[in-house]
Amino acid sequence: DAASMRPQPGDLLVFMIGENQGETIAPSQVEVGARPILAYPMDPVTKTLRDGSRFNIIAVGRLDPSEIEDDTKPLSADGVVAYSAVCTHNGCIITENNDTHHEFVCNCHGSTFDVGNKGKIVVGPATRRLAILPLKLADGNVTVAADFDGRLGPPRE
Ligand code: FES
């Protein structure tokens, strides 16, 4: 059903938890250097929140433009980047970043991903990069531009 569909082009991103839960994310609400914001995609027309699958949880961050590599830049929107929040090591939800301001860190076993460089692994034990969710700006909102680029979650045994 619509709630379990993967993020679709044109979807808005909505705060999953916290004081802004349920609100659409604007770039001004995403701070450089802050911990990743967890979000769900939402169909902008029907307002269906796509919260029916854990693989739809998205980790949103903002980077200084100088920290975004050339092949990641077209997938970002005003410095905002979005990735699958499901760690590719063992499936924990990624909630931390580090002092570099361009790396997301999984609390479970410390896997570290460069979110300025398409989610590339900086530190294991993960063996696969994070899937990036291409973004664009539409009417000042962060909007999904295309399907996830990359595989979701840990490799299946
Ligand atoms: Fe993320 Fe192990 S589940 S590092």
# chains A, B, ... in the order shown; residues from 1 in each chain; ligands from 1

$ residues_near_ligand --ligand "ligand 1" --cutoff "10 Å" --atoms "only C-alpha atoms and all ligand atoms" --output "PyMOL selection string"
chain A and resi 85-94+105-112+123-127+153-154

$ select_by_dssp --residues "chain A" --states "helix (DSSP H, G or I)" --output "PyMOL selection string"
chain A and resi 27-29+54-56+65-67+73-75

$ closest_residue --among "A:Gly22, A:Ile17, A:Ile37, A:Val142" --to "Ile58 (chain A)" --atoms "only C-alpha atoms"
A:Ile37

$ closest_residue --among "A:Leu49, A:Ala34, A:Leu133, A:Ala138" --to "Phe104 (chain A)" --atoms "only C-alpha atoms"
A:Ala34

$ select_by_dssp --residues "region 9-145 of chain A" --states "strand (DSSP E or B)" --output "JSON, numbers by chain"
{"A": [12, 13, 14, 15, 24, 32, 37, 38, 39, 40, 41, 42, 49, 58, 59, 60, 61, 62, 77, 80, 81, 82, 83, 84, 86, 93, 96, 97, 103, 104, 105, 112, 113, 114, 120, 121, 122, 123, 132, 135, 136, 137, 138, 141, 142, 143, 144]}

$ write_last_selection --atoms "C-alpha atoms" --output "PDB file, in the first residue's frame"
ATOM      1  CA  LEU A  12       8.006  15.594   1.019  1.00  0.00           C
ATOM      2  CA  LEU A  13      10.132  14.673   4.018  1.00  0.00           C
ATOM      3  CA  VAL A  14       8.468  14.848   7.413  1.00  0.00           C
ATOM      4  CA  PHE A  15       9.984  14.799  10.899  1.00  0.00           C
ATOM      5  CA  THR A  24       7.496  19.040   6.635  1.00  0.00           C
ATOM      6  CA  VAL A  32      25.120  21.965   9.667  1.00  0.00           C
ATOM      7  CA  ILE A  37      17.113  14.148  11.591  1.00  0.00           C
ATOM      8  CA  LEU A  38      14.985  11.041  11.208  1.00  0.00           C
ATOM      9  CA  ALA A  39      12.225  11.444   8.670  1.00  0.00           C
ATOM     10  CA  TYR A  40       9.559   9.628   6.694  1.00  0.00           C
ATOM     11  CA  PRO A  41       8.533  10.428   3.137  1.00  0.00           C
ATOM     12  CA  MET A  42       4.992  11.729   2.638  1.00  0.00           C
ATOM     13  CA  LEU A  49       2.939   9.134   5.488  1.00  0.00           C
ATOM     14  CA  ILE A  58      15.510   8.446   6.322  1.00  0.00           C
ATOM     15  CA  ALA A  59      18.419  10.210   8.012  1.00  0.00           C
ATOM     16  CA  VAL A  60      18.669  13.846   6.938  1.00  0.00           C
ATOM     17  CA  GLY A  61      21.666  16.090   7.432  1.00  0.00           C
ATOM     18  CA  ARG A  62      23.104  19.328   6.184  1.00  0.00           C
ATOM     19  CA  ALA A  77      19.278  20.328  -1.970  1.00  0.00           C
ATOM     20  CA  VAL A  80      20.699  18.992   2.693  1.00  0.00           C
ATOM     21  CA  VAL A  81      21.397  15.308   2.083  1.00  0.00           C
ATOM     22  CA  ALA A  82      19.227  12.278   2.811  1.00  0.00           C
ATOM     23  CA  TYR A  83      20.165   8.625   3.279  1.00  0.00           C
ATOM     24  CA  SER A  84      18.553   5.388   4.281  1.00  0.00           C
ATOM     25  CA  VAL A  86      19.028   1.610   8.225  1.00  0.00           C
ATOM     26  CA  ILE A  93      18.759   2.996  12.857  1.00  0.00           C
ATOM     27  CA  GLU A  96      24.553  10.062  15.293  1.00  0.00           C
ATOM     28  CA  ASN A  97      27.139  12.075  13.438  1.00  0.00           C
ATOM     29  CA  GLU A 103      29.881  11.642   8.614  1.00  0.00           C
ATOM     30  CA  PHE A 104      26.942   9.720  10.048  1.00  0.00           C
ATOM     31  CA  VAL A 105      27.732   7.163  12.739  1.00  0.00           C
ATOM     32  CA  THR A 112      30.802   5.528   9.915  1.00  0.00           C
ATOM     33  CA  PHE A 113      29.603   6.781   6.539  1.00  0.00           C
ATOM     34  CA  ASP A 114      30.668   9.858   4.545  1.00  0.00           C
ATOM     35  CA  LYS A 120      30.806   5.731   1.441  1.00  0.00           C
ATOM     36  CA  ILE A 121      32.135   3.658   4.367  1.00  0.00           C
ATOM     37  CA  VAL A 122      34.779   5.444   6.425  1.00  0.00           C
ATOM     38  CA  VAL A 123      34.885   2.927   9.281  1.00  0.00           C
ATOM     39  CA  ILE A 132      21.404   7.970  -0.800  1.00  0.00           C
ATOM     40  CA  LEU A 135      16.700  15.422  -3.179  1.00  0.00           C
ATOM     41  CA  LYS A 136      15.648  18.663  -4.790  1.00  0.00           C
ATOM     42  CA  LEU A 137      14.029  21.836  -3.573  1.00  0.00           C
ATOM     43  CA  ALA A 138      10.411  22.495  -4.521  1.00  0.00           C
ATOM     44  CA  ASN A 141      10.669  22.285   0.739  1.00  0.00           C
ATOM     45  CA  VAL A 142      13.051  19.365   0.672  1.00  0.00           C
ATOM     46  CA  THR A 143      11.543  16.970  -1.851  1.00  0.00           C
ATOM     47  CA  VAL A 144      12.473  13.521  -3.094  1.00  0.00           C
TER      48      VAL A 144
END

$ closest_residue --among "A:Asp1, A:Asp43, A:Asp64, A:Asp139" --to "Glu31 (chain A)" --atoms "only C-alpha atoms"
A:Asp64

$ closest_residue --among "A:Met5, A:Leu63, A:Ile68, A:Ala146" --to "Arg35 (chain A)" --atoms "only C-alpha atoms"
A:Leu63

$ closest_residue --among "A:Ser66, A:Thr46, A:Asn20, A:Gln8" --to "Gly79 (chain A)" --atoms "only C-alpha atoms"
A:Ser66

$ atom_distance --atom1 "CA of Asp71 (chain A)" --atom2 "CA of Thr95 (chain A)"
24.3 Å

$ atom_distance --atom1 "CA of His102 (chain A)" --atom2 "CA of Asp149 (chain A)"
18.4 Å

$ residues_around --residues "Pro44 (chain A)" --least-positions-apart "3" --cutoff "8 Å" --atoms "only C-alpha atoms" --output "list of chain:residue names"
A:Gly10, A:Asp11, A:Leu12, A:Lys47, A:Thr48

$ closest_residue --among "A:Ser4, A:Ser28, A:Gln21, A:Thr100" --to "Glu67 (chain A)" --atoms "only C-alpha atoms"
A:Thr100

$ atom_distance --atom1 "CA of Asp51 (chain A)" --atom2 "CA of Arg128 (chain A)"
24.2 Å
